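Participant: My structure is stored as query_29.csv, with CSV, C-alpha atoms.
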chain,number,residue,atom,x,y,z
A,1,GLY,CA,-13.3,-5.0,12.5
A,2,GLU,CA,-10.8,-4.8,9.7
A,3,ASP,CA,-9.8,-7.9,7.8
A,4,VAL,CA,-8.8,-8.5,4.2
A,5,GLU,CA,-8.5,-12.1,3.0
A,6,GLN,CA,-6.9,-13.6,-0.1
A,7,SER,CA,-6.1,-17.1,-1.2
A,8,LEU,CA,-2.4,-17.7,-1.0
A,9,PHE,CA,-1.6,-19.3,-4.4
A,10,LEU,CA,-2.8,-19.3,-8.0
A,11,SER,CA,-1.2,-21.1,-10.9
A,12,VAL,CA,-2.2,-20.5,-14.6
A,13,ARG,CA,-0.8,-21.2,-18.0
A,14,GLU,CA,0.7,-18.5,-20.2
A,15,GLY,CA,-2.0,-16.9,-22.4
A,16,ASP,CA,-4.9,-17.8,-20.0
A,17,SER,CA,-6.8,-15.3,-17.9
A,18,SER,CA,-6.0,-15.0,-14.2
A,19,VAL,CA,-8.5,-14.0,-11.6
A,20,ILE,CA,-7.3,-13.1,-8.1
A,21,ASN,CA,-9.9,-12.7,-5.4
A,22,CYS,CA,-10.1,-10.7,-2.2
A,23,THR,CA,-12.7,-10.3,0.4
A,24,TYR,CA,-12.9,-7.6,3.1
A,25,THR,CA,-15.1,-7.2,6.1
A,26,ASP,CA,-15.3,-3.4,6.6
A,27,SER,CA,-18.3,-2.1,4.8
A,28,SER,CA,-17.1,1.5,5.2
A,29,SER,CA,-14.1,0.8,3.0
A,30,THR,CA,-13.9,3.6,0.5
A,31,TYR,CA,-10.9,2.8,-1.8
A,32,LEU,CA,-9.7,-0.6,-2.7
A,33,TYR,CA,-6.2,-1.2,-4.2
A,34,TRP,CA,-4.2,-3.9,-6.0
A,35,TYR,CA,-0.4,-3.9,-5.6
A,36,LYS,CA,2.1,-6.1,-7.3
A,37,GLN,CA,5.3,-7.3,-5.7
A,38,GLU,CA,7.9,-8.9,-7.9
A,39,PRO,CA,10.6,-11.1,-6.4
A,40,GLY,CA,13.1,-9.1,-4.3
A,41,ALA,CA,11.3,-5.8,-4.9
A,42,GLY,CA,8.9,-3.5,-3.1
A,43,LEU,CA,5.2,-3.2,-3.9
A,44,GLN,CA,4.0,-1.4,-7.0
A,45,LEU,CA,0.6,0.1,-7.2
A,46,LEU,CA,-1.3,-1.5,-10.1
A,47,THR,CA,-4.7,0.1,-9.9
A,48,TYR,CA,-7.4,1.1,-7.5
A,49,ILE,CA,-11.2,1.5,-7.4
A,50,PHE,CA,-13.5,3.8,-5.5
A,51,SER,CA,-16.3,2.0,-3.7
A,52,ASN,CA,-19.1,3.6,-5.8
A,53,MET,CA,-17.7,1.9,-8.9
A,54,ASP,CA,-18.5,-1.7,-10.0
A,55,MET,CA,-15.7,-2.1,-12.5
A,56,LYS,CA,-12.5,-0.5,-13.7
A,57,GLN,CA,-10.5,-1.6,-16.8
A,58,ASP,CA,-6.9,-0.6,-17.6
A,59,GLN,CA,-5.4,-2.4,-20.5
A,60,ARG,CA,-5.1,-6.1,-19.5
A,61,LEU,CA,-6.4,-5.5,-16.0
A,62,THR,CA,-10.0,-5.5,-15.0
A,63,VAL,CA,-11.1,-4.8,-11.4
A,64,LEU,CA,-14.6,-6.0,-10.3
A,65,LEU,CA,-16.1,-4.8,-7.1
A,66,ASN,CA,-19.2,-6.4,-5.5
A,67,LYS,CA,-19.9,-4.1,-2.6
A,68,LYS,CA,-22.8,-6.2,-1.3
A,69,ASP,CA,-20.7,-9.3,-0.9
A,70,LYS,CA,-17.5,-7.2,0.0
A,71,HIS,CA,-15.7,-9.0,-2.8
A,72,LEU,CA,-13.0,-7.6,-5.0
A,73,SER,CA,-11.3,-9.3,-7.9
A,74,LEU,CA,-8.4,-8.6,-10.3
A,75,ARG,CA,-8.5,-10.2,-13.7
A,76,ILE,CA,-5.4,-10.3,-15.8
A,77,ALA,CA,-6.1,-11.1,-19.5
A,78,ASP,CA,-3.5,-13.0,-21.6
A,79,THR,CA,-1.3,-13.7,-18.6
A,80,GLN,CA,2.4,-13.6,-19.3
A,81,THR,CA,5.4,-15.1,-17.4
A,82,GLY,CA,6.3,-11.5,-16.4
A,83,ASP,CA,3.0,-11.3,-14.5
A,84,SER,CA,4.4,-13.9,-12.0
A,85,ALA,CA,4.5,-12.1,-8.7
A,86,ILE,CA,2.6,-11.6,-5.4
A,87,TYR,CA,-0.6,-9.5,-5.7
A,88,PHE,CA,-1.8,-7.7,-2.6
A,89,CYS,CA,-5.3,-6.4,-2.1
A,90,ALA,CA,-5.7,-3.4,0.3
A,91,GLU,CA,-8.5,-1.2,1.5
A,92,SER,CA,-8.8,2.2,3.1
A,93,LYS,CA,-11.7,3.9,4.8
A,94,ARG,CA,-11.2,7.2,3.1
A,95,GLN,CA,-9.3,8.7,0.3
A,96,GLY,CA,-5.7,8.9,1.5
A,97,GLY,CA,-6.4,6.9,4.7
A,98,LYS,CA,-4.2,4.2,6.0
A,99,LEU,CA,-4.2,0.9,4.1
A,100,ILE,CA,-5.1,-2.5,5.5
A,101,PHE,CA,-3.4,-5.2,3.3
A,102,GLY,CA,-4.4,-8.8,2.6
A,103,GLN,CA,-1.9,-11.6,2.9
A,104,GLY,CA,-1.0,-11.6,-0.8
A,105,THR,CA,-1.7,-14.1,-3.6
A,106,GLU,CA,1.3,-15.6,-5.3
A,107,LEU,CA,0.6,-16.0,-9.0
A,108,SER,CA,2.7,-18.5,-10.9
A,109,VAL,CA,2.5,-18.4,-14.7
A,110,LYS,CA,3.7,-21.6,-16.4
A,111,PRO,CA,4.8,-21.5,-20.1
B,1,ASN,CA,15.1,10.4,-9.6
B,2,ALA,CA,16.3,7.4,-7.6
B,3,GLY,CA,12.8,7.1,-6.0
B,4,VAL,CA,12.7,5.4,-2.6
B,5,THR,CA,16.0,3.9,-1.5
B,6,GLN,CA,16.6,1.7,1.5
B,7,THR,CA,19.8,0.5,3.1
B,8,PRO,CA,21.0,-2.0,4.0
B,9,LYS,CA,19.4,-4.7,1.8
B,10,PHE,CA,20.2,-7.5,4.3
B,11,GLN,CA,21.1,-7.4,8.0
B,12,VAL,CA,21.7,-10.0,10.7
B,13,LEU,CA,21.5,-8.8,14.4
B,14,LYS,CA,21.9,-10.6,17.7
B,15,THR,CA,19.1,-10.2,20.3
B,16,GLY,CA,19.6,-7.0,22.2
B,17,GLN,CA,21.5,-5.1,19.5
B,18,SER,CA,20.3,-1.8,18.1
B,19,MET,CA,20.4,-0.6,14.6
B,20,THR,CA,18.9,2.0,12.2
B,21,LEU,CA,17.3,1.1,8.9
B,22,GLN,CA,17.7,4.0,6.4
B,23,CYS,CA,15.1,5.3,4.0
B,24,ALA,CA,15.4,8.2,1.6
B,25,GLN,CA,13.3,9.6,-1.2
B,26,ASP,CA,14.1,12.3,-3.7
B,27,MET,CA,10.6,13.1,-4.9
B,28,ASN,CA,9.8,15.8,-2.3
B,29,HIS,CA,7.0,13.6,-0.9
B,30,GLU,CA,5.4,14.7,2.3
B,31,TYR,CA,4.1,11.3,3.5
B,32,MET,CA,6.5,8.5,4.4
B,33,SER,CA,5.8,5.2,6.1
B,34,TRP,CA,7.5,2.1,7.4
B,35,TYR,CA,5.9,-1.3,7.0
B,36,ARG,CA,6.9,-4.8,8.0
B,37,GLN,CA,6.0,-7.9,5.9
B,38,ASP,CA,5.8,-11.3,7.5
B,39,PRO,CA,5.1,-14.7,5.8
B,40,GLY,CA,1.4,-15.3,5.3
B,41,MET,CA,0.5,-11.8,6.4
B,42,GLY,CA,-0.1,-8.5,4.7
B,43,LEU,CA,2.0,-5.5,5.2
B,44,ARG,CA,1.5,-3.9,8.6
B,45,LEU,CA,2.2,-0.2,9.3
B,46,ILE,CA,4.8,0.5,11.9
B,47,HIS,CA,5.2,4.3,11.9
B,48,TYR,CA,4.5,7.1,9.5
B,49,SER,CA,5.2,10.8,9.0
B,50,VAL,CA,3.0,13.4,7.3
B,51,GLY,CA,5.9,15.9,7.0
B,52,ALA,CA,9.2,17.0,8.5
B,53,GLY,CA,9.1,17.0,12.3
B,54,ILE,CA,5.8,15.1,12.5
B,55,THR,CA,5.6,11.3,13.1
B,56,ASP,CA,2.8,9.0,14.4
B,57,GLN,CA,2.3,5.4,15.3
B,58,GLY,CA,0.9,2.8,13.0
B,59,GLU,CA,-0.5,-0.6,13.8
B,60,VAL,CA,2.7,-2.3,15.3
B,61,PRO,CA,4.9,0.5,16.7
B,62,ASN,CA,6.4,-1.3,19.8
B,63,GLY,CA,10.1,-1.7,19.7
B,64,TYR,CA,10.7,0.9,17.0
B,65,ASN,CA,11.4,4.6,16.9
B,66,VAL,CA,11.4,7.0,14.0
B,67,SER,CA,12.2,10.7,13.4
B,68,ARG,CA,11.8,13.0,10.4
B,69,SER,CA,14.3,15.8,10.5
B,70,THR,CA,14.2,16.4,6.8
B,71,THR,CA,11.6,15.8,4.0
B,72,GLU,CA,14.0,13.3,2.3
B,73,ASP,CA,14.9,10.9,5.2
B,74,PHE,CA,12.9,8.7,7.5
B,75,PRO,CA,15.1,6.3,9.5
B,76,LEU,CA,13.6,3.5,11.5
B,77,ARG,CA,15.5,2.5,14.7
B,78,LEU,CA,15.3,-0.8,16.5
B,79,LEU,CA,16.2,-0.1,20.1
B,80,SER,CA,16.9,-3.6,21.3
B,81,ALA,CA,16.3,-6.2,18.6
B,82,ALA,CA,14.2,-9.3,19.3
B,83,PRO,CA,13.7,-12.4,17.2
B,84,SER,CA,10.0,-11.3,16.7
B,85,GLN,CA,11.4,-8.4,14.7
B,86,THR,CA,12.8,-10.8,12.0
B,87,SER,CA,11.0,-9.5,9.0
B,88,VAL,CA,11.2,-7.7,5.7
B,89,TYR,CA,10.9,-3.9,6.2
B,90,PHE,CA,9.6,-1.6,3.5
B,91,CYS,CA,9.7,2.1,3.4
B,92,ALA,CA,7.1,4.0,1.3
B,93,SER,CA,6.4,7.6,0.3
B,94,SER,CA,3.3,9.1,-1.2
B,95,GLU,CA,3.0,11.5,-4.1
B,96,THR,CA,-0.2,12.9,-2.6
B,97,SER,CA,-0.4,14.2,0.9
B,98,SER,CA,-2.0,10.9,2.0
B,99,PHE,CA,-1.4,7.1,1.8
B,100,HIS,CA,-2.9,7.1,-1.7
B,101,GLU,CA,-0.6,6.0,-4.5
B,102,GLN,CA,2.4,5.0,-2.4
B,103,TYR,CA,5.9,4.3,-3.9
B,104,PHE,CA,7.8,1.5,-2.1
B,105,GLY,CA,11.5,1.0,-1.6
B,106,PRO,CA,13.1,-2.4,-2.4
B,107,GLY,CA,13.0,-3.5,1.3
B,108,THR,CA,15.5,-4.6,4.0
B,109,ARG,CA,15.6,-8.2,5.1
B,110,LEU,CA,16.4,-8.3,8.8
B,111,THR,CA,17.2,-11.5,10.8
B,112,VAL,CA,17.5,-11.4,14.6
B,113,THR,CA,19.1,-14.4,16.1
In structure tokens, what does this structure look like?

Facilitator:
Amino acid sequence: GEDVEQSLFLSVREGDSSVINCTYTDSSSTYLYWYKQEPGAGLQLLTYIFSNMDMKQDQRLTVLLNKKDKHLSLRIADTQTGDSAIYFCAESKRQGGKLIFGQGTELSVKP
Amino acid sequence: NAGVTQTPKFQVLKTGQSMTLQCAQDMNHEYMSWYRQDPGMGLRLIHYSVGAGITDQGEVPNGYNVSRSTTEDFPLRLLSAAPSQTSVYFCASSETSSFHEQYFGPGTRLTVT
């Protein structure tokens, strides 16, 4: 079956690193995505990783994929108050396929 | 470019009323989708369209209709609103001819009493 799970809340201090975790059940997932939703706004694609990759880095963002454990994480270095948002993990079975979203993790960054 | 626009931002309906949520994009995207977002749940796909004149059902289509007469517009119709349809509705469009790299509108918050 298809299921994507995330913890609901994470609180960090400004300047610390944040790690947001996601687990998925479908081993045939091909692409895994991270979306960010700021208050009152739609989702914005942050980054994505193909299932044959272990890691992808983009400036302050690092995505780690453990395909054996079906575990995906998003690390935000030097977290800022502007990073406060809800972060959604999503998977698709093929490039361009429909996405299955997790429940979202609300990141709160305290000054 | 305005991107993906949605109207209205907020709406309150009584049970049994009908209404149309509007979605438009000015990026000439082929793929457009409607999602609903409920507390503690991820986004769920309601209906989608792969181009003008073509629509298909997503995960939770019951109680909703869509049409795609132009590339730009993809309205979502609630035929007879129910309290279970209280949600935040997002429209999205894709730069590629797929669900990859979607652009989302700001959402419509709908309450059905």

Participant: Taking only residues of chain A that have an atom at most 12 Å from an atom of chain B, what is each one's shortest atom pair and its distance in Å to one decimal, using all atoms listed in the file, in chain and number order, as JSON lines?

Facilitator:
{"residue": "A:Glu2", "atom": "CA", "partner": "B:Glu59", "partner_atom": "CA", "distance": 11.9}
{"residue": "A:Asp3", "atom": "CA", "partner": "B:Gly42", "partner_atom": "CA", "distance": 10.2}
{"residue": "A:Val4", "atom": "CA", "partner": "B:Gly42", "partner_atom": "CA", "distance": 8.7}
{"residue": "A:Glu5", "atom": "CA", "partner": "B:Gly42", "partner_atom": "CA", "distance": 9.3}
{"residue": "A:Gln6", "atom": "CA", "partner": "B:Gly42", "partner_atom": "CA", "distance": 9.8}
{"residue": "A:Ser7", "atom": "CA", "partner": "B:Gly40", "partner_atom": "CA", "distance": 10.1}
{"residue": "A:Leu8", "atom": "CA", "partner": "B:Gly40", "partner_atom": "CA", "distance": 7.7}
{"residue": "A:Phe9", "atom": "CA", "partner": "B:Gly40", "partner_atom": "CA", "distance": 10.9}
{"residue": "A:Thr30", "atom": "CA", "partner": "B:His100", "partner_atom": "CA", "distance": 11.8}
{"residue": "A:Tyr31", "atom": "CA", "partner": "B:His100", "partner_atom": "CA", "distance": 9.1}
{"residue": "A:Leu32", "atom": "CA", "partner": "B:His100", "partner_atom": "CA", "distance": 10.3}
{"residue": "A:Tyr33", "atom": "CA", "partner": "B:Glu101", "partner_atom": "CA", "distance": 9.1}
{"residue": "A:Trp34", "atom": "CA", "partner": "B:Glu101", "partner_atom": "CA", "distance": 10.6}
{"residue": "A:Tyr35", "atom": "CA", "partner": "B:Gln102", "partner_atom": "CA", "distance": 9.9}
{"residue": "A:Lys36", "atom": "CA", "partner": "B:Phe104", "partner_atom": "CA", "distance": 10.8}
{"residue": "A:Gln37", "atom": "CA", "partner": "B:Pro106", "partner_atom": "CA", "distance": 9.8}
{"residue": "A:Glu38", "atom": "CA", "partner": "B:Pro106", "partner_atom": "CA", "distance": 10.0}
{"residue": "A:Pro39", "atom": "CA", "partner": "B:Pro106", "partner_atom": "CA", "distance": 9.9}
{"residue": "A:Gly40", "atom": "CA", "partner": "B:Pro106", "partner_atom": "CA", "distance": 7.0}
{"residue": "A:Ala41", "atom": "CA", "partner": "B:Pro106", "partner_atom": "CA", "distance": 4.6}
{"residue": "A:Gly42", "atom": "CA", "partner": "B:Pro106", "partner_atom": "CA", "distance": 4.4}
{"residue": "A:Leu43", "atom": "CA", "partner": "B:Phe104", "partner_atom": "CA", "distance": 5.7}
{"residue": "A:Gln44", "atom": "CA", "partner": "B:Tyr103", "partner_atom": "CA", "distance": 6.8}
{"residue": "A:Leu45", "atom": "CA", "partner": "B:Glu101", "partner_atom": "CA", "distance": 6.6}
{"residue": "A:Leu46", "atom": "CA", "partner": "B:Glu101", "partner_atom": "CA", "distance": 9.4}
{"residue": "A:Thr47", "atom": "CA", "partner": "B:Glu101", "partner_atom": "CA", "distance": 9.0}
{"residue": "A:Tyr48", "atom": "CA", "partner": "B:Glu101", "partner_atom": "CA", "distance": 8.9}
{"residue": "A:Ile49", "atom": "CA", "partner": "B:His100", "partner_atom": "CA", "distance": 11.5}
{"residue": "A:Phe50", "atom": "CA", "partner": "B:His100", "partner_atom": "CA", "distance": 11.7}
{"residue": "A:Ile86", "atom": "CA", "partner": "B:Gly42", "partner_atom": "CA", "distance": 10.9}
{"residue": "A:Tyr87", "atom": "CA", "partner": "B:Gly42", "partner_atom": "CA", "distance": 10.5}
{"residue": "A:Phe88", "atom": "CA", "partner": "B:Gly42", "partner_atom": "CA", "distance": 7.5}
{"residue": "A:Cys89", "atom": "CA", "partner": "B:Gly42", "partner_atom": "CA", "distance": 8.8}
{"residue": "A:Ala90", "atom": "CA", "partner": "B:Gly42", "partner_atom": "CA", "distance": 8.8}
{"residue": "A:Glu91", "atom": "CA", "partner": "B:His100", "partner_atom": "CA", "distance": 10.5}
{"residue": "A:Ser92", "atom": "CA", "partner": "B:Phe99", "partner_atom": "CA", "distance": 9.0}
{"residue": "A:Lys93", "atom": "CA", "partner": "B:Phe99", "partner_atom": "CA", "distance": 11.2}
{"residue": "A:Arg94", "atom": "CA", "partner": "B:His100", "partner_atom": "CA", "distance": 9.6}
{"residue": "A:Gln95", "atom": "CA", "partner": "B:His100", "partner_atom": "CA", "distance": 6.9}
{"residue": "A:Gly96", "atom": "CA", "partner": "B:Ser98", "partner_atom": "CA", "distance": 4.2}
{"residue": "A:Gly97", "atom": "CA", "partner": "B:Phe99", "partner_atom": "CA", "distance": 5.8}
{"residue": "A:Lys98", "atom": "CA", "partner": "B:Phe99", "partner_atom": "CA", "distance": 5.8}
{"residue": "A:Leu99", "atom": "CA", "partner": "B:Phe99", "partner_atom": "CA", "distance": 7.2}
{"residue": "A:Ile100", "atom": "CA", "partner": "B:Arg44", "partner_atom": "CA", "distance": 7.4}
{"residue": "A:Phe101", "atom": "CA", "partner": "B:Gly42", "partner_atom": "CA", "distance": 4.9}
{"residue": "A:Gly102", "atom": "CA", "partner": "B:Gly42", "partner_atom": "CA", "distance": 4.8}
{"residue": "A:Gln103", "atom": "CA", "partner": "B:Gly42", "partner_atom": "CA", "distance": 4.0}
{"residue": "A:Gly104", "atom": "CA", "partner": "B:Gly42", "partner_atom": "CA", "distance": 6.4}
{"residue": "A:Thr105", "atom": "CA", "partner": "B:Gly40", "partner_atom": "CA", "distance": 9.5}
{"residue": "A:Glu106", "atom": "CA", "partner": "B:Gly40", "partner_atom": "CA", "distance": 10.6}

Participant: Can you measure CA of Gly16 (chain B) to CA of Ala82 (chain B) for me? One decimal in Å is fine.

Facilitator: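 Separation between CA of Gly16 (chain B) and CA of Ala82 (chain B): 6.5 Å.
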
Participant: Which of these residues is nearest to Asn21 (chain A), using only C-alpha atoms: A:Ser84, A:Ser73, A:Ser108, A:Thr62?

Facilitator: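 Of all the options, A:Ser73 lies closest to Asn21 (chain A).
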
Participant: With a distance cut-off of 9 Å and all atoms listed in the file, select the neighbouring residues of Asn1 (chain B), excluding the residue or stretch itself and same-chain residues fewer than 5 positions from it, and output the selection as an MDAnalysis selection string.

Facilitator: chainID B and resid 25:27

Participant: So the first atom is CA of Met19 (chain B) and the second is CA of Thr71 (chain B); what is the distance between them in Å, to one decimal place?

Facilitator: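 Separation of CA of Met19 (chain B) and CA of Thr71 (chain B): 21.4 Å.
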
Participant: Record the distance separating CA of Gln57 (chain B) and CA of Leu76 (chain B), expressed in Å with one decimal.

Facilitator: 12.1 Å

Participant: Skipping near chain neighbours, those fewer than 3 positions away, what residues fall within 8 Å of Leu61 (chain A) using all atoms listed in the file, listed as a list in words?

Facilitator: Gln57, Asp58, Leu74, Arg75, Ile76 and Ala77 of chain A

Participant: Store the residues picked out above in a file with C-alpha atoms, as an mmCIF file, in the frame of the given file.

Facilitator:
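Result saved to out.cif:
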data_model
loop_
_atom_site.group_PDB
_atom_site.id
_atom_site.type_symbol
_atom_site.label_atom_id
_atom_site.label_comp_id
_atom_site.auth_asym_id
_atom_site.auth_seq_id
_atom_site.Cartn_x
_atom_site.Cartn_y
_atom_site.Cartn_z
ATOM 1 C CA GLN A 57 -10.500 -1.600 -16.800
ATOM 2 C CA ASP A 58 -6.900 -0.600 -17.600
ATOM 3 C CA LEU A 74 -8.400 -8.600 -10.300
ATOM 4 C CA ARG A 75 -8.500 -10.200 -13.700
ATOM 5 C CA ILE A 76 -5.400 -10.300 -15.800
ATOM 6 C CA ALA A 77 -6.100 -11.100 -19.500
#

Participant: Would you list the contacts of Asp83 (chain A) as a PDB file with C-alpha atoms, in the frame of the given file, taking every protein, DNA or RNA residue within 8 Å and counting all atoms listed in the file, but skipping same-chain residues closer than 2 positions in sequence?

Facilitator:
ATOM      1  CA  THR A  79      -1.300 -13.700 -18.600  1.00  0.00           C
ATOM      2  CA  GLN A  80       2.400 -13.600 -19.300  1.00  0.00           C
ATOM      3  CA  THR A  81       5.400 -15.100 -17.400  1.00  0.00           C
ATOM      4  CA  ALA A  85       4.500 -12.100  -8.700  1.00  0.00           C
ATOM      5  CA  LEU A 107       0.600 -16.000  -9.000  1.00  0.00           C
ATOM      6  CA  VAL A 109       2.500 -18.400 -14.700  1.00  0.00           C
TER       7      VAL A 109
END

Participant: Which residues, written as an MDAnalysis selection string, have at least one atom at most 9 Å from Ala52 (chain B), with all atoms listed in the file counted and residues fewer than 6 positions away on the same chain left out?

Facilitator: chainID B and resid 30 67:73

Participant: Counting all atoms listed in the file, what is within 6 Å of Ala81 (chain B), bar same-chain residues fewer than 2 positions away, as a ChimeraX atom specification?

Facilitator: /B:15-18,78

Participant: Padding 6 Å on each side, edges along x, y and z: where is the centre of the box around the listed atoms of region 36-40 of chain A, and how long are its edges in Å to one decimal? Output it as lines of an AutoDock Vina configuration file.

Facilitator:
center_x = 7.6
center_y = -8.6
center_z = -6.1
size_x = 23.0
size_y = 17.0
size_z = 15.6

Participant: Can region 10-18 of chain B be brought up to all heavy atoms and written out as a PDB file, in the coordinates of the input?

Facilitator:
ATOM      1  N   PHE B  10      20.264  -6.312   3.425  1.00  0.00           N
ATOM      2  CA  PHE B  10      20.200  -7.500   4.300  1.00  0.00           C
ATOM      3  C   PHE B  10      20.930  -7.078   5.630  1.00  0.00           C
ATOM      4  O   PHE B  10      21.905  -6.333   5.594  1.00  0.00           O
ATOM      5  CB  PHE B  10      20.891  -8.698   3.743  1.00  0.00           C
ATOM      6  CG  PHE B  10      20.315  -9.159   2.454  1.00  0.00           C
ATOM      7  CD1 PHE B  10      20.875  -8.751   1.254  1.00  0.00           C
ATOM      8  CD2 PHE B  10      19.206  -9.987   2.415  1.00  0.00           C
ATOM      9  CE1 PHE B  10      20.345  -9.170   0.038  1.00  0.00           C
ATOM     10  CE2 PHE B  10      18.668 -10.407   1.211  1.00  0.00           C
ATOM     11  CZ  PHE B  10      19.237  -9.995   0.018  1.00  0.00           C
ATOM     12  N   GLN B  11      20.458  -7.620   6.751  1.00  0.00           N
ATOM     13  CA  GLN B  11      21.100  -7.400   8.000  1.00  0.00           C
ATOM     14  C   GLN B  11      20.817  -8.531   8.964  1.00  0.00           C
ATOM     15  O   GLN B  11      19.681  -8.994   9.031  1.00  0.00           O
ATOM     16  CB  GLN B  11      20.636  -6.071   8.645  1.00  0.00           C
ATOM     17  CG  GLN B  11      21.314  -5.691   9.950  1.00  0.00           C
ATOM     18  CD  GLN B  11      22.749  -5.273   9.754  1.00  0.00           C
ATOM     19  OE1 GLN B  11      23.082  -4.440   8.918  1.00  0.00           O
ATOM     20  NE2 GLN B  11      23.627  -5.870  10.557  1.00  0.00           N
ATOM     21  N   VAL B  12      21.847  -8.986   9.688  1.00  0.00           N
ATOM     22  CA  VAL B  12      21.700 -10.000  10.700  1.00  0.00           C
ATOM     23  C   VAL B  12      22.099  -9.336  12.055  1.00  0.00           C
ATOM     24  O   VAL B  12      23.184  -8.758  12.141  1.00  0.00           O
ATOM     25  CB  VAL B  12      22.506 -11.255  10.480  1.00  0.00           C
ATOM     26  CG1 VAL B  12      22.306 -12.245  11.611  1.00  0.00           C
ATOM     27  CG2 VAL B  12      22.113 -11.890   9.149  1.00  0.00           C
ATOM     28  N   LEU B  13      21.236  -9.411  13.038  1.00  0.00           N
ATOM     29  CA  LEU B  13      21.500  -8.800  14.400  1.00  0.00           C
ATOM     30  C   LEU B  13      21.412  -9.921  15.415  1.00  0.00           C
ATOM     31  O   LEU B  13      20.673 -10.896  15.241  1.00  0.00           O
ATOM     32  CB  LEU B  13      20.494  -7.756  14.706  1.00  0.00           C
ATOM     33  CG  LEU B  13      20.514  -6.434  13.967  1.00  0.00           C
ATOM     34  CD1 LEU B  13      19.379  -5.548  14.472  1.00  0.00           C
ATOM     35  CD2 LEU B  13      21.849  -5.738  14.126  1.00  0.00           C
ATOM     36  N   LYS B  14      22.096  -9.710  16.510  1.00  0.00           N
ATOM     37  CA  LYS B  14      21.900 -10.600  17.700  1.00  0.00           C
ATOM     38  C   LYS B  14      20.847  -9.893  18.572  1.00  0.00           C
ATOM     39  O   LYS B  14      20.712  -8.659  18.593  1.00  0.00           O
ATOM     40  CB  LYS B  14      23.200 -10.734  18.443  1.00  0.00           C
ATOM     41  CG  LYS B  14      24.267 -11.515  17.699  1.00  0.00           C
ATOM     42  CD  LYS B  14      25.402 -11.873  18.628  1.00  0.00           C
ATOM     43  CE  LYS B  14      26.594 -12.474  17.918  1.00  0.00           C
ATOM     44  NZ  LYS B  14      26.263 -13.530  16.985  1.00  0.00           N
ATOM     45  N   THR B  15      20.138 -10.718  19.323  1.00  0.00           N
ATOM     46  CA  THR B  15      19.100 -10.200  20.300  1.00  0.00           C
ATOM     47  C   THR B  15      19.772  -9.162  21.176  1.00  0.00           C
ATOM     48  O   THR B  15      20.854  -9.375  21.732  1.00  0.00           O
ATOM     49  CB  THR B  15      18.571 -11.364  21.108  1.00  0.00           C
ATOM     50  OG1 THR B  15      17.907 -12.279  20.234  1.00  0.00           O
ATOM     51  CG2 THR B  15      17.575 -10.845  22.130  1.00  0.00           C
ATOM     52  N   GLY B  16      19.071  -8.021  21.309  1.00  0.00           N
ATOM     53  CA  GLY B  16      19.600  -7.000  22.200  1.00  0.00           C
ATOM     54  C   GLY B  16      20.342  -5.868  21.460  1.00  0.00           C
ATOM     55  O   GLY B  16      20.491  -4.764  21.994  1.00  0.00           O
ATOM     56  N   GLN B  17      20.831  -6.160  20.256  1.00  0.00           N
ATOM     57  CA  GLN B  17      21.500  -5.100  19.500  1.00  0.00           C
ATOM     58  C   GLN B  17      20.584  -4.083  18.985  1.00  0.00           C
ATOM     59  O   GLN B  17      19.383  -4.333  18.822  1.00  0.00           O
ATOM     60  CB  GLN B  17      22.307  -5.759  18.338  1.00  0.00           C
ATOM     61  CG  GLN B  17      23.531  -6.544  18.743  1.00  0.00           C
ATOM     62  CD  GLN B  17      24.329  -7.048  17.554  1.00  0.00           C
ATOM     63  OE1 GLN B  17      23.766  -7.588  16.598  1.00  0.00           O
ATOM     64  NE2 GLN B  17      25.640  -6.881  17.609  1.00  0.00           N
ATOM     65  N   SER B  18      21.123  -2.902  18.703  1.00  0.00           N
ATOM     66  CA  SER B  18      20.300  -1.800  18.100  1.00  0.00           C
ATOM     67  C   SER B  18      20.845  -1.529  16.715  1.00  0.00           C
ATOM     68  O   SER B  18      22.013  -1.813  16.407  1.00  0.00           O
ATOM     69  CB  SER B  18      20.356  -0.585  18.977  1.00  0.00           C
ATOM     70  OG  SER B  18      21.670  -0.089  19.044  1.00  0.00           O
TER      71      SER B  18
END
